[in-house]
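Novice: The structure's right below; bear with me while I get my questions together.
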Amino acid sequence: MSNKYRTHNCDELRKKHVDKNVILSGWINKKRDHGNLLFIDLRDNYGITQFIIDKENSNFKELEKMQLETVIKIEGKVINRSKETINNEIKTGEVEVIIENFKVLGTCKELPLPVFSDQEYAEDIRLKYRFLDLRRKKIHENIILRSNVISFIRNEMNNLGFLEFQTPILTSSSPEGARDFLVPSRLNPGKFYALPQAPQQFKQLIMVSGFDKYFQIAPCFRDEDARSDRSPGEFYQLDLEMSFVEQEDIFKVVERLLVNTFKKFSNKKLLFDNFPKITYKDAMQKFGSDKPDLRNPLIIKDLTNIFLRDDITFEIFKKLVKSGSLVRCIVTKNTKDKPRSFFDNIDKWAKEQGASGLAYFTIEKDKELSAKGPVGKFFSKESLNEIMKSTGAEVGDSIFLACSKQKELEKITSLARDKIAKDLDLIDDDVFAFCWVVDYPMFEKDLLTNKIEFSHNPFSMPQGEIDQINFDKPLDILAYQYDIVCNGIELSSGAIRNHMPDLMYKLFSVAGYKKEVVDEKFSGMINALSYGAPPHGGIAPGIDRIVMLLANEKNIREVTMFPMNQNAQDLMMNAPSDVSDKQLKELNISLKFKE
RNA sequence: GGGGGUGUAGCUCAGUUGGUUAGAGCGAUCGCCUGUCACGCGAUAGGUCGAGGGUUCGAGUCCCUUCACUCCCGCCA
C-alpha cells in the first residue's frame, strides 16, 4: 500500500530497495546529533528505520531541534550502509535513508515519560499516559501477542465446530458469587441491572436452545479487589459450553487448545502434554492449595499422628494436636550444610505471614541418628526413623514443621512451599506445568457461621447416581467441577452442569435456599431446565492470565491495554467520575455519603 | 476493612549517626562535534524532599496524622 503518508513502513526497507525514492511516516524514536551530521531513528508499529541528514541540507537545523516522539513524514532515498555501520539489531539495519524532505504530522510536547527506554516507571504515570506507555517496545509487543493469541484461539474454536455468540452485558444480579457492578435502570425506577460476572446462565441457556457448542471471548465484571494477576473490574474469559458431554470430553478439547496455544506462542517447554489430574482433596493435602505450582518439587506431608508418641517431647505441638490441630511438614533434600540464616529467615518469614513460625531440624547421623536445630532435641532417634519412613526424608535432609488448625495450616504450608522452593531455587522458570484439579466438593461449611454453602458453583452436577446421593452428609458430596492450573495460577474453572430442576432445588435447599427463592433468583435458568435440557458442561479459561503466562509477565496490567489501577480508577479517562444532577434525577438516584 | 513496601528535579534513583548552599544519570535548553545506533564533549535551567503537624539550636533523615501508588490478607459462586 502506498499513499501520501508512506510508500513503505519502518520495517520494510532492505538492500533491494537501494536507490529507490521512498516516503515513510512514524515517530522520532531517537536522534543522534553529530553537529554536522544527524541520525534519526523513525519508528512505527512494524519497526525502525535509520535516516540520515547533514548540514548541507536546508532541513538540517529544523530536524536537529525536533522533539522525540514527534510524528513526521520523511521523503528520501535508500542507500547502502558501509559494512562497519550495519546494525544487526534491526531488520532494516543494512540500509538507511538520506533525508531529502520532511513534514511534521503531529507535534509532541515534552514527554512525561520516555518512550525510548527499557527502564521501569511508576505505574500511575504509565497509566495516566497509557498511550505513550503503549508505544514502548515490551508492552507494545505484549498487546500484539494478546491479539494474536485471541485470533488463534478463535480460529481453533471455529475449526472445532464451536459457534461464537454474544450475550447481554446488562443483565440481572445474582445472589451467589462476587460483588456485582450495578447499573441503574431509567425506565424501571429503583431497579438495577448487573454486569455479568460471567455469561454462566446464558451459556447454559444457549445449550438448552440446542446450539450444541458455544464459545465467546467474553468480558466478565466482578467488583472485587485487585491482585497482580487480577484486574479490578473487568477481565476476559474464553467462555465455552458443550452439550451431551462428559467431563473427559471437555478436558480433551481444552487440553488440545491450550497445548496448541502454548506451543505456538512460547518457547518454554510444557512439563506435561497430558495434564495430570489431582483431586481437590489431594491438592489441599500435598500442596496446601487448589492451585498448586507443579514446577515446585516440594510436597507437604502429614505428621500429626507421630506427635502422639511418648518419645517426642515437643510439648507445644503435642498439646495443639490433642486439641485438634494438625502437623504438616516440608522436607528439603540435602540441606544439612545450609547456613543457620537460611532456616531462620524462613522461620522469620513465616511469622511475618501471621503464622506462629516454622519449626525445623536437620537429620544427621554420626554414629546414631539425631536431629540438629532448635527443636531437634525433642525427637528421639526412633521417632526420627518413623518420620523418615513416612516422609521419605533421608540423612542430610531438613524438615520444616507447622502446626495449627487445618485451614490455617494449609495456607501457611502452601506459602512456605513456594517460599522455600524460591529460596532453594528449585523452580524451573522455563517450563509450563499444567494440571487439572478435579472432584471439588459440592458444599463447604462456613467456619464463622457454620452454614453449608456452595463451595464453587451452584449449577454444577453432583457426582454419583442421583438416587444414591446422601443429602444428609452434604460435605461428602463431590461435584463434576474442575479447575485448570498452570504454574500456580488458576487459569479457569468449569463444570458439568446440573440440568435437572428437581436436583437443583434439592441442592439449593441444602444451602438454605427455599424453592421460591430459587424460582425468583434463577427464574430464567430453572424455567429453561424444565423444558427439555440437554446434559451439558463447559469451562472458561482466563484470557488475560493465559497471555500473561505467554508474555512471561508477573502482572496482568502488562498484557492489558487500558487497565485500571488498584483502586479501580482509570487515570487516563478519569473514571469513575461525577455525573450531573440531571443524570441522577433521571435515574431516581440521590447520593448519600458515609460519615 | 487490615498488614507490608515505596514516595527526593520532567523520568530513574543516591542522600551516611539529625549538621554548611539537597546530588547523579537520562530528558530539556544552549554551544562544540560528519558514521552514530544508550553517539561523544562542555555549559545552563530545573526541587513545597507527597501533604500537614510535632521533637530539636538544627529535620529529606526522628515521631504522629494523612494522601497517593504498589504487593499481600480478607474478598474473588
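Naming scheme: A, B, ... for chains in displayed order of the C-alpha cells; residues 1 onward per chain; ligands 1 onward as shown.
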Which residues in region 316-445 of chain A does DSSP call strand (DSSP E)? List them as a PyMOL selection string.

Specialist: chain A and resi 326-332+359-365+369-372+398-404+431-432+434-438+443-445

Novice: Asp229 (chain A): which residues within 10 Å, counting only C-alpha atoms (C1' of nucleotides), same-chain residues fewer than 4 positions away excluded, as a PyMOL selection string?

Specialist: chain A and resi 489-490+544-545+548+553-557

Novice: List as a PyMOL selection string the protein and nucleic acid residues near Leu426 (chain A), meaning an atom at most 12 Å away when only C-alpha atoms (C1' of nucleotides) are counted, but skip any in the same chain fewer than 6 places from it.

Specialist: chain A and resi 293-298+332-333+417-420

Novice: Which chain B residues are at most 8 Å from chain A (counting only C-alpha atoms (C1' of nucleotides)), as a PyMOL selection string?

Specialist: chain B and resi 10-12+27-28+32-37+39+69+71+75-77

Novice: Would you pick out the contacts of region 345-351 of chain A at 9 Å or less, using only C-alpha atoms (C1' of nucleotides), so that residues sharing its chain but fewer than 6 positions from it are not included, and give the list as a ChimeraX atom specification?

Specialist: /A:357-360,400,412,415-416,419-420,423

Novice: Since we have the selection now, will you write its residues out, keeping N, CA and C atoms, as a PDB file, in the first residue's frame?

Specialist:
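Saved the output as part-v8.pdb:
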ATOM      1  N   GLY A 357       5.236 -19.380  63.136  1.00  0.00           N
ATOM      2  CA  GLY A 357       6.600 -19.710  62.736  1.00  0.00           C
ATOM      3  C   GLY A 357       6.674 -21.119  62.191  1.00  0.00           C
ATOM      4  N   LEU A 358       7.845 -21.472  61.698  1.00  0.00           N
ATOM      5  CA  LEU A 358       8.057 -22.837  61.219  1.00  0.00           C
ATOM      6  C   LEU A 358       9.189 -23.455  62.042  1.00  0.00           C
ATOM      7  N   ALA A 359       8.874 -24.542  62.723  1.00  0.00           N
ATOM      8  CA  ALA A 359       9.928 -25.258  63.436  1.00  0.00           C
ATOM      9  C   ALA A 359      10.723 -26.057  62.412  1.00  0.00           C
ATOM     10  N   TYR A 360      12.002 -26.300  62.695  1.00  0.00           N
ATOM     11  CA  TYR A 360      12.779 -27.063  61.718  1.00  0.00           C
ATOM     12  C   TYR A 360      13.892 -27.830  62.410  1.00  0.00           C
ATOM     13  N   PHE A 400      10.785 -28.930  57.785  1.00  0.00           N
ATOM     14  CA  PHE A 400      10.102 -27.745  58.321  1.00  0.00           C
ATOM     15  C   PHE A 400       8.716 -28.168  58.785  1.00  0.00           C
ATOM     16  N   ILE A 412      -0.483 -21.742  55.427  1.00  0.00           N
ATOM     17  CA  ILE A 412       0.916 -21.429  55.718  1.00  0.00           C
ATOM     18  C   ILE A 412       1.860 -22.450  55.052  1.00  0.00           C
ATOM     19  N   LEU A 415       2.124 -21.466  51.369  1.00  0.00           N
ATOM     20  CA  LEU A 415       3.022 -20.318  51.186  1.00  0.00           C
ATOM     21  C   LEU A 415       4.472 -20.721  51.427  1.00  0.00           C
ATOM     22  N   ALA A 416       4.672 -21.562  52.451  1.00  0.00           N
ATOM     23  CA  ALA A 416       6.029 -21.989  52.800  1.00  0.00           C
ATOM     24  C   ALA A 416       6.635 -22.816  51.672  1.00  0.00           C
ATOM     25  N   LYS A 419       7.836 -20.375  49.180  1.00  0.00           N
ATOM     26  CA  LYS A 419       8.953 -19.589  49.716  1.00  0.00           C
ATOM     27  C   LYS A 419      10.244 -20.421  49.774  1.00  0.00           C
ATOM     28  N   ILE A 420      10.125 -21.637  50.300  1.00  0.00           N
ATOM     29  CA  ILE A 420      11.315 -22.475  50.454  1.00  0.00           C
ATOM     30  C   ILE A 420      11.877 -22.846  49.076  1.00  0.00           C
ATOM     31  N   ASP A 423      13.692 -19.905  47.722  1.00  0.00           N
ATOM     32  CA  ASP A 423      14.986 -19.708  48.398  1.00  0.00           C
ATOM     33  C   ASP A 423      16.005 -20.747  47.947  1.00  0.00           C
TER      34      ASP A 423
END

Novice: To one decimal in Å, tell me the separation between CA of Val149 (chain A) and CA of Gln216 (chain A).

Specialist: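 If I compute the distance from CA of Val149 (chain A) to CA of Gln216 (chain A), I get 14.0 Å.
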
Novice: Using only C-alpha atoms, which of A:Ile217, A:Ala402, A:Met561, A:Ala433 sits nearest Asp133 (chain A)?

Specialist: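 Using only C-alpha atoms, the shortest distance to Asp133 (chain A) belongs to A:Met561.
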
Novice: Between A:Arg126, A:Arg186, A:Arg136, A:His8, single out the one closest to Asn29 (chain A), counting only C-alpha atoms.

Specialist: A:Arg136

Novice: Enter the distance from CA of Met564 (chain A) to CA of Ile28 (chain A), in Å, rounded to one decimal.

Specialist: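 Value for the CA of Met564 (chain A)-CA of Ile28 (chain A) distance: 28.8 Å.
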
Novice: So that I can see what lies close to Val104 (chain A), please list as a tab-separated table (two decimals) with C-alpha atoms, in the first residue's frame the residues with an atom at most 9 Å from it, counting only C-alpha atoms (C1' of nucleotides) and leaving out residues fewer than 2 positions away in the same chain.

Specialist:
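In the end it all went to selection-v4.tsv:
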chain	number	residue	atom	x	y	z
A	70	THR	CA	7.09	13.94	17.06
A	71	VAL	CA	5.23	12.28	14.18
A	72	ILE	CA	6.84	13.14	10.85
A	73	LYS	CA	6.74	12.13	7.23
A	74	ILE	CA	10.11	11.87	5.53
A	102	PHE	CA	10.10	16.13	5.69
A	106	GLY	CA	1.92	15.57	14.79
A	107	THR	CA	3.84	17.73	17.25

Novice: Please provide as a list in words all residues within 12 Å of G52 (chain B), with the sequence filter that same-chain residues fewer than 3 positions apart are discarded (counting only C-alpha atoms (C1' of nucleotides)).

Specialist: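 So the residues in contact are U48, C64, U65, U66 and C67 of chain B.
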
Novice: Once you have the residues from the selection above, write them out as a compact mmCIF listing (two decimals), in the first residue's frame, restricted to C-alpha atoms (C1' of nucleotides).

Specialist:
# COMPACT_ATOMS: atom_id res chain seq x y z
C1' U B 48 6.92 22.90 48.76
C1' C B 64 2.41 11.46 64.89
C1' U B 65 -1.50 12.19 61.35
C1' U B 66 -2.84 11.99 56.36
C1' C B 67 -2.65 11.22 50.92
